[in-house]
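Structure file start_30.pdb (PDB, C-alpha atoms (C1' of nucleotides)) is printed below.
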```
ATOM      1  CA  MET W   1      92.333  93.117 160.122
ATOM      2  CA  PRO W   2      95.699  94.866 160.611
ATOM      3  CA  THR W   3      96.556  98.044 158.730
ATOM      4  CA  LEU W   4      98.842  96.246 156.305
ATOM      5  CA  PHE W   5      97.988  92.827 154.980
ATOM      6  CA  SER W   6      99.259  90.264 152.507
ATOM      7  CA  ILE W   7      98.047  89.404 149.021
ATOM      8  CA  GLY W   8      96.476  86.223 150.407
ATOM      9  CA  THR W   9      94.434  88.212 152.905
ATOM     10  CA  LEU W  10      93.351  90.634 150.182
ATOM     11  CA  SER W  11      92.429  87.671 148.014
ATOM     12  CA  HIS W  12      90.324  86.198 150.792
ATOM     13  CA  ALA W  13      88.635  89.527 151.545
ATOM     14  CA  THR W  14      87.652  90.220 147.935
ATOM     15  CA  GLY W  15      87.184  86.755 146.480
ATOM     16  CA  CYS W  16      89.743  87.637 143.831
ATOM     17  CA  LYS W  17      92.475  85.085 143.149
ATOM     18  CA  VAL W  18      96.061  85.933 144.035
ATOM     19  CA  GLU W  19      97.196  85.490 140.426
ATOM     20  CA  THR W  20      94.461  87.809 139.249
ATOM     21  CA  ILE W  21      95.507  90.517 141.718
ATOM     22  CA  ARG W  22      99.070  90.347 140.416
ATOM     23  CA  TYR W  23      97.703  90.422 136.881
ATOM     24  CA  TYR W  24      95.672  93.563 137.628
ATOM     25  CA  GLU W  25      98.811  95.171 138.982
ATOM     26  CA  LYS W  26     100.781  94.216 135.874
ATOM     27  CA  ILE W  27      98.245  95.834 133.546
ATOM     28  CA  GLY W  28      98.038  98.927 135.750
ATOM     29  CA  LEU W  29      94.504  98.432 137.048
ATOM     30  CA  MET W  30      95.745  98.106 140.614
ATOM     31  CA  PRO W  31      98.531 100.362 141.930
ATOM     32  CA  GLU W  32     101.822  98.884 143.071
ATOM     33  CA  PRO W  33     101.519  98.320 146.804
ATOM     34  CA  ALA W  34     104.185  98.726 149.494
ATOM     35  CA  ARG W  35     106.513  95.795 150.092
ATOM     36  CA  SER W  36     107.711  93.992 153.196
ATOM     37  CA  GLU W  37     111.454  93.866 153.919
ATOM     38  CA  GLY W  38     111.538  90.508 152.175
ATOM     39  CA  GLY W  39     109.763  91.926 149.099
ATOM     40  CA  GLN W  40     106.223  90.668 149.633
ATOM     41  CA  ARG W  41     103.244  92.874 148.776
ATOM     42  CA  ARG W  42     101.579  94.756 151.634
ATOM     43  CA  TYR W  43      98.118  96.193 151.026
ATOM     44  CA  HIS W  44      95.739  98.366 152.970
ATOM     45  CA  ARG W  45      92.080  99.277 152.987
ATOM     46  CA  ARG W  46      92.236 101.557 149.949
ATOM     47  CA  HIS W  47      93.481  98.643 147.859
ATOM     48  CA  GLN W  48      90.705  96.438 149.134
ATOM     49  CA  GLU W  49      88.045  98.993 148.209
ATOM     50  CA  ARG W  50      89.466  99.456 144.746
ATOM     51  CA  LEU W  51      89.705  95.726 144.123
ATOM     52  CA  SER W  52      86.148  95.152 145.368
ATOM     53  CA  PHE W  53      84.966  97.813 142.945
ATOM     54  CA  ILE W  54      86.826  96.090 140.101
ATOM     55  CA  ARG W  55      85.503  92.642 140.975
ATOM     56  CA  HIS W  56      81.953  93.854 141.356
ATOM     57  CA  SER W  57      82.170  95.596 138.000
ATOM     58  CA  ARG W  58      83.546  92.429 136.403
ATOM     59  CA  GLU W  59      80.691  90.415 137.897
ATOM     60  CA  LEU W  60      78.318  92.844 136.217
ATOM     61  CA  GLY W  61      80.102  92.093 132.953
ATOM     62  CA  PHE W  62      82.068  95.282 132.384
ATOM     63  CA  THR W  63      85.327  94.807 130.474
ATOM     64  CA  LEU W  64      88.617  95.815 132.035
ATOM     65  CA  GLU W  65      88.708  98.803 129.684
ATOM     66  CA  ASP W  66      85.215  99.836 130.870
ATOM     67  CA  ILE W  67      86.489  99.486 134.408
ATOM     68  CA  ARG W  68      89.441 101.750 133.726
ATOM     69  CA  GLU W  69      86.895 104.416 132.747
ATOM     70  CA  LEU W  70      84.664 103.650 135.711
ATOM     71  CA  LEU W  71      87.598 104.028 138.098
ATOM     72  CA  THR W  72      88.424 107.421 136.608
ATOM     73  CA  MET W  73      84.786 108.507 137.005
ATOM     74  CA  ARG W  74      84.930 107.330 140.589
ATOM     75  CA  GLU W  75      88.071 109.305 141.355
ATOM     76  CA  GLN W  76      86.733 112.436 139.692
ATOM     77  CA  HIS W  77      83.277 112.042 141.281
ATOM     78  CA  GLY W  78      81.845 111.949 137.771
ATOM     79  CA  CYS W  79      78.813 110.107 136.467
ATOM     80  CA  ALA W  80      79.109 106.731 134.769
ATOM     81  CA  ASP W  81      75.604 106.831 133.364
ATOM     82  CA  ASP W  82      76.653 106.533 129.714
ATOM     83  CA  ILE W  83      79.066 103.636 130.284
ATOM     84  CA  ALA W  84      76.352 101.752 132.175
ATOM     85  CA  ARG W  85      73.773 102.501 129.500
ATOM     86  CA  ARG W  86      76.087 101.343 126.706
ATOM     87  CA  HIS W  87      76.798  98.159 128.607
ATOM     88  CA  ARG W  88      73.105  97.579 129.316
ATOM     89  CA  ASP W  89      72.366  97.693 125.589
ATOM     90  CA  ALA W  90      75.160  95.252 124.839
ATOM     91  CA  VAL W  91      73.812  92.879 127.495
ATOM     92  CA  GLN W  92      70.296  93.156 126.075
ATOM     93  CA  ASN W  93      71.547  92.316 122.595
ATOM     94  CA  ARG W  94      73.351  89.289 123.952
ATOM     95  CA  ILE W  95      70.169  88.147 125.730
ATOM     96  CA  SER W  96      68.127  88.465 122.538
ATOM     97  CA  ALA W  97      70.649  86.481 120.522
ATOM     98  CA  LEU W  98      70.902  83.756 123.155
ATOM     99  CA  THR W  99      67.119  83.504 123.468
ATOM    100  CA  ALA W 100      66.755  82.925 119.732
ATOM    101  CA  LEU W 101      69.492  80.321 120.041
ATOM    102  CA  ARG W 102      67.807  78.517 122.915
ATOM    103  CA  ASN W 103      64.529  78.412 121.005
ATOM    104  CA  GLU W 104      66.278  76.853 118.036
ATOM    105  CA  LEU W 105      68.010  74.292 120.259
ATOM    106  CA  ASP W 106      64.673  73.477 121.926
ATOM    107  CA  ARG W 107      63.095  72.912 118.556
ATOM    108  CA  MET W 108      65.925  70.671 117.403
ATOM    109  CA  ILE W 109      65.825  68.629 120.599
ATOM    110  CA  SER W 110      62.055  68.213 120.741
ATOM    111  CA  GLU W 111      61.838  67.125 117.115
ATOM    112  CA  CYS W 112      64.660  64.651 117.598
ATOM    113  CA  GLY W 113      62.521  62.266 119.633
ATOM    114  CA  ASP W 114      60.127  61.903 116.694
ATOM    115  CA  GLY W 115      62.690  60.707 114.174
ATOM    116  CA  GLN W 116      63.375  57.123 113.148
ATOM    117  CA  PRO W 117      66.318  55.496 114.927
ATOM    118  CA  GLY W 118      69.508  56.683 113.289
ATOM    119  CA  GLU W 119      67.940  59.938 112.148
ATOM    120  CA  CYS W 120      68.977  62.765 114.388
ATOM    121  CA  ARG W 121      67.200  66.085 113.891
ATOM    122  CA  VAL W 122      70.044  67.905 115.640
ATOM    123  CA  ILE W 123      72.587  66.707 113.110
ATOM    124  CA  GLU W 124      70.154  67.335 110.260
ATOM    125  CA  VAL W 125      69.506  70.926 111.213
ATOM    126  CA  LEU W 126      73.210  71.576 111.744
ATOM    127  CA  SER W 127      73.890  70.132 108.302
ATOM    128  CA  ASP W 128      71.344  72.299 106.555
ATOM    129  CA  HIS W 129      70.885  75.902 107.502
ATOM    130  CA  GLY W 130      67.718  75.971 105.387
ATOM    131  CA  GLN W 131      66.001  73.945 108.122
ATOM    132  CA  CYS W 132      66.911  76.523 110.721
ATOM    133  CA  LEU W 133      64.370  79.106 111.820
ATOM    134  CA  THR W 134      66.937  81.299 113.493
ATOM    135  CA  ASP W 135      68.595  84.081 111.558
ATOM    136  CA  HIS W 136      72.203  84.053 112.548
ATOM    137  CA  SER W 137      73.609  85.091 109.211
ATOM    138  CA  GLY W 138      75.042  88.396 110.451
TER     139      GLY W 138
ATOM    140  CA  MET C   1      81.262  75.835  90.674
ATOM    141  CA  PRO C   2      84.022  73.573  89.348
ATOM    142  CA  THR C   3      84.877  70.276  91.029
ATOM    143  CA  LEU C   4      87.987  71.696  92.660
ATOM    144  CA  PHE C   5      88.045  75.212  94.033
ATOM    145  CA  SER C   6      90.332  77.535  95.976
ATOM    146  CA  ILE C   7      90.247  78.540  99.620
ATOM    147  CA  GLY C   8      88.841  81.916  98.597
ATOM    148  CA  THR C   9      85.918  80.287  96.824
ATOM    149  CA  LEU C  10      85.286  78.044  99.830
ATOM    150  CA  SER C  11      85.437  81.105 102.048
ATOM    151  CA  HIS C  12      82.895  82.895  99.890
ATOM    152  CA  ALA C  13      80.590  79.845  99.752
ATOM    153  CA  THR C  14      80.538  79.306 103.514
ATOM    154  CA  GLY C  15      81.024  82.813 104.899
ATOM    155  CA  CYS C  16      84.049  81.538 106.808
ATOM    156  CA  LYS C  17      87.209  83.622 106.616
ATOM    157  CA  VAL C  18      90.242  82.248 104.806
ATOM    158  CA  GLU C  19      92.392  82.481 107.938
ATOM    159  CA  THR C  20      89.766  80.609 109.911
ATOM    160  CA  ILE C  21      89.667  77.790 107.363
ATOM    161  CA  ARG C  22      93.441  77.396 107.632
ATOM    162  CA  TYR C  23      93.113  77.516 111.413
ATOM    163  CA  TYR C  24      90.501  74.720 111.366
ATOM    164  CA  GLU C  25      92.862  72.652 109.265
ATOM    165  CA  LYS C  26      95.732  73.246 111.669
ATOM    166  CA  ILE C  27      93.723  72.053 114.668
ATOM    167  CA  GLY C  28      92.444  69.042 112.730
ATOM    168  CA  LEU C  29      88.809  70.087 112.432
ATOM    169  CA  MET C  30      89.048  70.256 108.638
ATOM    170  CA  PRO C  31      90.997  67.588 106.719
ATOM    171  CA  GLU C  32      94.046  68.546 104.669
ATOM    172  CA  PRO C  33      92.833  69.163 101.135
ATOM    173  CA  ALA C  34      94.574  68.385  97.839
ATOM    174  CA  ARG C  35      97.072  70.934  96.529
ATOM    175  CA  SER C  36      97.632  72.549  93.164
ATOM    176  CA  GLU C  37     101.010  72.156  91.434
ATOM    177  CA  GLY C  38     102.057  75.447  92.994
ATOM    178  CA  GLY C  39     101.011  74.278  96.456
ATOM    179  CA  GLN C  40      97.659  76.043  96.852
ATOM    180  CA  ARG C  41      94.752  74.289  98.559
ATOM    181  CA  ARG C  42      92.109  72.703  96.345
ATOM    182  CA  TYR C  43      88.772  71.823  97.922
ATOM    183  CA  HIS C  44      85.643  70.052  96.763
ATOM    184  CA  ARG C  45      82.016  69.724  97.797
ATOM    185  CA  ARG C  46      82.650  67.423 100.784
ATOM    186  CA  HIS C  47      84.842  70.088 102.339
ATOM    187  CA  GLN C  48      82.206  72.701 101.798
ATOM    188  CA  GLU C  49      79.535  70.600 103.502
ATOM    189  CA  ARG C  50      81.755  69.899 106.460
ATOM    190  CA  LEU C  51      82.719  73.535 106.845
ATOM    191  CA  SER C  52      79.081  74.667 106.610
ATOM    192  CA  PHE C  53      78.240  72.215 109.369
ATOM    193  CA  ILE C  54      81.038  73.607 111.522
ATOM    194  CA  ARG C  55      80.057  77.229 110.914
ATOM    195  CA  HIS C  56      76.407  76.601 111.573
ATOM    196  CA  SER C  57      77.273  74.826 114.812
ATOM    197  CA  ARG C  58      79.502  77.725 115.841
ATOM    198  CA  GLU C  59      76.692  80.180 115.122
ATOM    199  CA  LEU C  60      74.531  78.158 117.482
ATOM    200  CA  GLY C  61      77.229  78.582 120.110
ATOM    201  CA  PHE C  62      78.785  75.121 120.233
ATOM    202  CA  THR C  63      82.465  75.079 121.149
ATOM    203  CA  LEU C  64      85.006  73.575 118.774
ATOM    204  CA  GLU C  65      85.290  70.586 121.113
ATOM    205  CA  ASP C  66      81.499  70.129 120.985
ATOM    206  CA  ILE C  67      81.770  70.289 117.217
ATOM    207  CA  ARG C  68      84.420  67.588 117.144
ATOM    208  CA  GLU C  69      81.889  65.342 118.893
ATOM    209  CA  LEU C  70      79.058  66.471 116.636
ATOM    210  CA  LEU C  71      81.117  65.645 113.548
ATOM    211  CA  THR C  72      81.813  62.169 114.890
ATOM    212  CA  MET C  73      78.088  61.673 115.557
ATOM    213  CA  ARG C  74      77.400  62.818 112.038
ATOM    214  CA  GLU C  75      79.866  60.376 110.514
ATOM    215  CA  GLN C  76      78.566  57.475 112.586
ATOM    216  CA  HIS C  77      74.924  58.414 111.993
ATOM    217  CA  GLY C  78      74.547  58.727 115.747
ATOM    218  CA  CYS C  79      72.288  61.023 117.722
ATOM    219  CA  ALA C  80      73.559  64.285 119.180
ATOM    220  CA  ASP C  81      70.603  64.746 121.469
ATOM    221  CA  ASP C  82      72.631  64.826 124.688
ATOM    222  CA  ILE C  83      75.211  67.290 123.379
ATOM    223  CA  ALA C  84      72.425  69.609 122.235
ATOM    224  CA  ARG C  85      70.596  69.261 125.549
ATOM    225  CA  ARG C  86      73.704  69.998 127.573
ATOM    226  CA  HIS C  87      74.371  73.038 125.435
ATOM    227  CA  ARG C  88      70.753  74.202 125.707
ATOM    228  CA  ASP C  89      71.046  74.163 129.512
ATOM    229  CA  ALA C  90      74.293  76.134 129.388
ATOM    230  CA  VAL C  91      72.648  78.721 127.134
ATOM    231  CA  GLN C  92      69.635  78.963 129.462
ATOM    232  CA  ASN C  93      71.888  79.544 132.457
ATOM    233  CA  ARG C  94      73.695  82.277 130.588
ATOM    234  CA  ILE C  95      70.371  83.924 129.702
ATOM    235  CA  SER C  96      69.236  83.846 133.322
ATOM    236  CA  ALA C  97      72.476  85.382 134.546
ATOM    237  CA  LEU C  98      72.428  88.089 131.883
ATOM    238  CA  THR C  99      68.788  88.937 132.596
ATOM    239  CA  ALA C 100      69.529  89.468 136.284
ATOM    240  CA  LEU C 101      72.439  91.608 135.212
ATOM    241  CA  ARG C 102      70.368  93.739 132.874
ATOM    242  CA  ASN C 103      67.791  94.294 135.598
ATOM    243  CA  GLU C 104      70.501  95.464 137.956
ATOM    244  CA  LEU C 105      71.956  97.787 135.317
ATOM    245  CA  ASP C 106      68.471  99.169 134.609
ATOM    246  CA  ARG C 107      67.977  99.848 138.294
ATOM    247  CA  MET C 108      71.345 101.570 138.613
ATOM    248  CA  ILE C 109      70.710 103.710 135.563
ATOM    249  CA  SER C 110      67.157 104.729 136.463
ATOM    250  CA  GLU C 111      68.124 105.671 140.025
ATOM    251  CA  CYS C 112      71.069 107.680 138.801
ATOM    252  CA  GLY C 113      68.858 110.484 137.517
ATOM    253  CA  ASP C 114      67.458 111.016 141.026
ATOM    254  CA  GLY C 115      70.782 111.672 142.710
ATOM    255  CA  GLN C 116      72.274 115.059 143.500
ATOM    256  CA  PRO C 117      74.793 116.357 140.970
ATOM    257  CA  GLY C 118      78.103 114.650 141.635
ATOM    258  CA  GLU C 119      76.449 111.592 143.134
ATOM    259  CA  CYS C 120      76.345 108.768 140.661
ATOM    260  CA  ARG C 121      74.261 105.756 141.647
ATOM    261  CA  VAL C 122      76.179 103.570 139.187
ATOM    262  CA  ILE C 123      79.478 104.244 140.915
ATOM    263  CA  GLU C 124      77.851 103.895 144.321
ATOM    264  CA  VAL C 125      76.388 100.491 143.607
ATOM    265  CA  LEU C 126      79.635  99.288 142.076
ATOM    266  CA  SER C 127      81.471 100.461 145.183
ATOM    267  CA  ASP C 128      79.174  98.644 147.569
ATOM    268  CA  HIS C 129      77.893  95.202 146.786
ATOM    269  CA  GLY C 130      75.447  95.553 149.679
ATOM    270  CA  GLN C 131      73.436  97.981 147.571
ATOM    271  CA  CYS C 132      73.167  95.428 144.811
ATOM    272  CA  LEU C 133      70.012  93.353 144.470
ATOM    273  CA  THR C 134      71.570  90.841 142.123
ATOM    274  CA  ASP C 135      73.226  87.756 143.495
ATOM    275  CA  HIS C 136      76.356  87.310 141.475
ATOM    276  CA  SER C 137      78.479  85.946 144.257
ATOM    277  CA  GLY C 138      78.953  82.528 142.669
TER     278      GLY C 138
ATOM    279  C1'  DT K   1     103.255  87.345  75.895
ATOM    280  C1'  DT K   2     103.919  89.750  79.641
ATOM    281  C1'  DA K   3     103.216  92.702  83.484
ATOM    282  C1'  DA K   4     100.501  93.878  87.188
ATOM    283  C1'  DA K   5      97.193  92.792  90.529
ATOM    284  C1'  DA K   6      94.853  89.602  93.227
ATOM    285  C1'  DA K   7      94.923  85.725  95.827
ATOM    286  C1'  DG K   8      97.470  82.346  97.978
ATOM    287  C1'  DC K   9     101.372  80.486 101.115
ATOM    288  C1'  DT K  10     103.881  79.852 105.980
ATOM    289  C1'  DA K  11     105.057  81.275 110.378
ATOM    290  C1'  DT K  12     104.489  84.072 114.123
ATOM    291  C1'  DA K  13     102.346  87.196 117.377
ATOM    292  C1'  DG K  14      98.357  89.427 119.269
ATOM    293  C1'  DT K  15      93.491  89.604 121.415
ATOM    294  C1'  DG K  16      90.851  89.403 126.542
ATOM    295  C1'  DA K  17      90.948  87.981 130.985
ATOM    296  C1'  DC K  18      92.785  85.330 133.185
ATOM    297  C1'  DT K  19      95.095  80.483 134.876
ATOM    298  C1'  DA K  20      98.869  77.384 135.672
ATOM    299  C1'  DC K  21     103.381  76.110 136.203
ATOM    300  C1'  DA K  22     108.460  75.962 137.588
ATOM    301  C1'  DG K  23     111.751  77.000 140.648
ATOM    302  C1'  DG K  24     113.034  79.805 143.972
ATOM    303  C1'  DT K  25     112.357  82.969 148.637
ATOM    304  C1'  DT K  26     110.036  84.660 152.852
ATOM    305  C1'  DC K  27     107.125  84.358 156.631
ATOM    306  C1'  DA K  28     104.464  82.616 160.707
ATOM    307  C1'  DA K  29     103.554  78.864 163.882
ATOM    308  C1'  DG K  30     105.004  75.416 166.887
TER     309       DG K  30
ATOM    310  C1'  DC H   1     114.998  76.551 164.794
ATOM    311  C1'  DT H   2     112.576  73.972 161.705
ATOM    312  C1'  DT H   3     108.860  73.095 158.841
ATOM    313  C1'  DG H   4     105.490  74.139 155.644
ATOM    314  C1'  DA H   5     102.407  77.455 153.922
ATOM    315  C1'  DA H   6     102.398  81.461 151.506
ATOM    316  C1'  DC H   7     104.789  84.365 148.618
ATOM    317  C1'  DC H   8     107.940  85.857 144.576
ATOM    318  C1'  DT H   9     109.099  86.326 139.240
ATOM    319  C1'  DG H  10     108.714  84.938 134.716
ATOM    320  C1'  DT H  11     106.820  82.354 131.255
ATOM    321  C1'  DA H  12     103.473  79.638 128.779
ATOM    322  C1'  DG H  13      98.798  78.045 128.089
ATOM    323  C1'  DT H  14      93.618  78.750 127.441
ATOM    324  C1'  DC H  15      89.693  79.768 123.450
ATOM    325  C1'  DA H  16      88.630  80.926 118.915
ATOM    326  C1'  DC H  17      90.154  83.287 116.146
ATOM    327  C1'  DT H  18      92.577  87.738 113.746
ATOM    328  C1'  DA H  19      96.415  90.203 111.932
ATOM    329  C1'  DT H  20     100.881  90.866 110.209
ATOM    330  C1'  DA H  21     105.184  90.203 107.355
ATOM    331  C1'  DG H  22     107.324  88.641 103.615
ATOM    332  C1'  DC H  23     107.114  85.750 100.327
ATOM    333  C1'  DT H  24     104.999  82.726  95.862
ATOM    334  C1'  DT H  25     101.335  81.439  92.669
ATOM    335  C1'  DT H  26      97.540  82.359  89.880
ATOM    336  C1'  DT H  27      94.546  85.196  87.221
ATOM    337  C1'  DT H  28      93.385  89.038  84.396
ATOM    338  C1'  DA H  29      94.102  92.754  81.102
ATOM    339  C1'  DA H  30      96.837  95.083  77.747
TER     340       DA H  30
END
```
Please re-express this file's structure in structure tokens.
Amino acid sequence: MPTLFSIGTLSHATGCKVETIRYYEKIGLMPEPARSEGGQRRYHRRHQERLSFIRHSRELGFTLEDIRELLTMREQHGCADDIARRHRDAVQNRISALTALRNELDRMISECGDGQPGECRVIEVLSDHGQCLTDHSG
Amino acid sequence: MPTLFSIGTLSHATGCKVETIRYYEKIGLMPEPARSEGGQRRYHRRHQERLSFIRHSRELGFTLEDIRELLTMREQHGCADDIARRHRDAVQNRISALTALRNELDRMISECGDGQPGECRVIEVLSDHGQCLTDHSG
DNA sequence: TTAAAAAGCTATAGTGACTACAGGTTCAAG
DNA sequence: CTTGAACCTGTAGTCACTATAGCTTTTTAA
């Protein structure tokens, strides 16, 4: 790979779409790169590393605001322990909620086969929260 | 509760915010209700039942487009088995992905304590996908 | 009865994290 | 030198709401 490369090459190298790269630049997550004489963006390795970091963080579910913090930590050689821990807890909560949900869906689906034709358990349960074992009031 | 009631009363009865009720009407998920002489919305029990159905479905994670289908099924006394099954699979996939994620976060966090001061495992792993045990390439 | 407060109205813009489009320009290959 | 792929900017759309501004109507208390 040459020293300076295009947005398409950066896209290919990181798996991040061209539009998304430009979007990250617009919101200040990626720095403005150099430009060719004709005005096209020209990146180098530092950009690629930063973008890979961003994409990897996104894949692990961090928000762009989290990532802003993570990038600062990275630059200052600080520790991102607390951000990671906070995120871990949020992920765990989401897992718990979704598991309860899946159990309820399983129950609805399995009981549906038993009903008379024209009587759908799924619709019934959705119509009447009293029939629902899951607490999703909050 | 009287036969006809206001949007605020409907909101209170269903736990659905006033703005959200108006939004559902705008996108055609809730029918246009009667109006008072002064132009305020006046609902009755049928509206409340429909809105409860919608909210309960949302709490179980169905999209508004899913719910449009579910409402049709409900009106036609059809079975929503397939919609529920499809959704169950989507939820299960999400759980699997999030569980892998949480494991990776746990690993990052636990290994962070072992590093020298100034060396954060979290940042390291985020910088280098090769150090990551989780497959989140797709 | 009347004044104030609460609740309602419409229309519009904002959220997060992109994605898609229109209509033009630049670049690299043949 | 021509063609076509890749690039540019700017704007609008996605989902499922939420929030705001600036009004009008309804309800409650004095």
What does the distance between atom CA of C:Ala13 and atom CA of C:Ala34 come to in Å, to one decimal place?
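So the answer is 18.2 Å.
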Would you write out, as CSV, a table of all residues in chain K that have an atom no more than 9 Å from an atom of chain W, listing for each the closest atom pair and the distance in Å to one decimal, considering all atoms listed in the file and ordering rows by chain and rising residue number?
```
residue,atom,partner,partner_atom,distance
K:DG16,C1',W:Thr63,CA,8.7
K:DA17,C1',W:Leu64,CA,8.2
K:DC18,C1',W:Thr20,CA,6.8
K:DT19,C1',W:Glu19,CA,7.8
K:DT25,C1',W:Gly38,CA,8.4
K:DT26,C1',W:Gly38,CA,6.1
K:DC27,C1',W:Gly38,CA,8.8
```
Exercise: K:DA11 partners within 12 Å, only C-alpha atoms (C1' of nucleotides), chain neighbours under 4 positions left out, as a VMD selection string:
chain H and resid 20 to 23
Report as a tab-separated table the residues of chain H within 9 Å of chain W, each with its shortest atom pair and distance in Å (one decimal), using only C-alpha atoms (C1' of nucleotides), ordered by chain and increasing residue number.
```
residue	atom	partner	partner_atom	distance
H:DA6	C1'	W:Gly8	CA	7.7
H:DC7	C1'	W:Gln40	CA	6.5
H:DC8	C1'	W:Gln40	CA	7.2
```
Within 9 Å of chain W: residues of chain C, using all atoms listed in the file, as a PyMOL selection string:
chain C and resi 15+49-50+52-57+59-61+70-71+73-74+77-82+84-85+87-89+91-92+94-96+98-99+101-106+108-109+112-113+117-129+136-137
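A straight line drawn from atom CA of C:Arg42 to atom C1' of K:DA7 is 13.3 Å long.
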For a cut-off of 7 Å around (97.5, 87.4, 80.7), file coordinates, pick out all residues using only C-alpha atoms (C1' of nucleotides) and list them as a list in words.
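The residues near that point, listed by chain and number, are DT2 of chain K; DT28 and DA29 of chain H.
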With all atoms listed in the file as the basis for distance, which of H:DT25, H:DT18, H:DT3, H:DT11 is at the shortest distance from K:DA22?
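Of all the options, H:DT11 lies closest to K:DA22.
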So how many Å separate atom C1' of K:DA29 and atom C1' of H:DT2, to one decimal?
10.5 Å
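If all atoms listed in the file are the atoms counted, then among C:Arg45, C:Met30, C:Glu65, C:Phe5 the closest residue to H:DA16 is C:Glu65.
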Put a box with edges along x, y and z around all the listed atoms of stretch 6-20 of chain H, pad it by 3 Å on each side, then give me its centre and sizes in Å, one decimal, as lines of an AutoDock Vina configuration file.
```
center_x = 98.9
center_y = 84.5
center_z = 130.9
size_x = 26.5
size_y = 18.8
size_z = 47.3
```
Would you kindly return, as a ChimeraX atom specification, each protein, DNA or RNA residue with an atom no farther than 12 Å from any atom of H:DG10, considering all atoms listed in the file and excluding same-chain residues fewer than 6 positions away?
/K:21-24
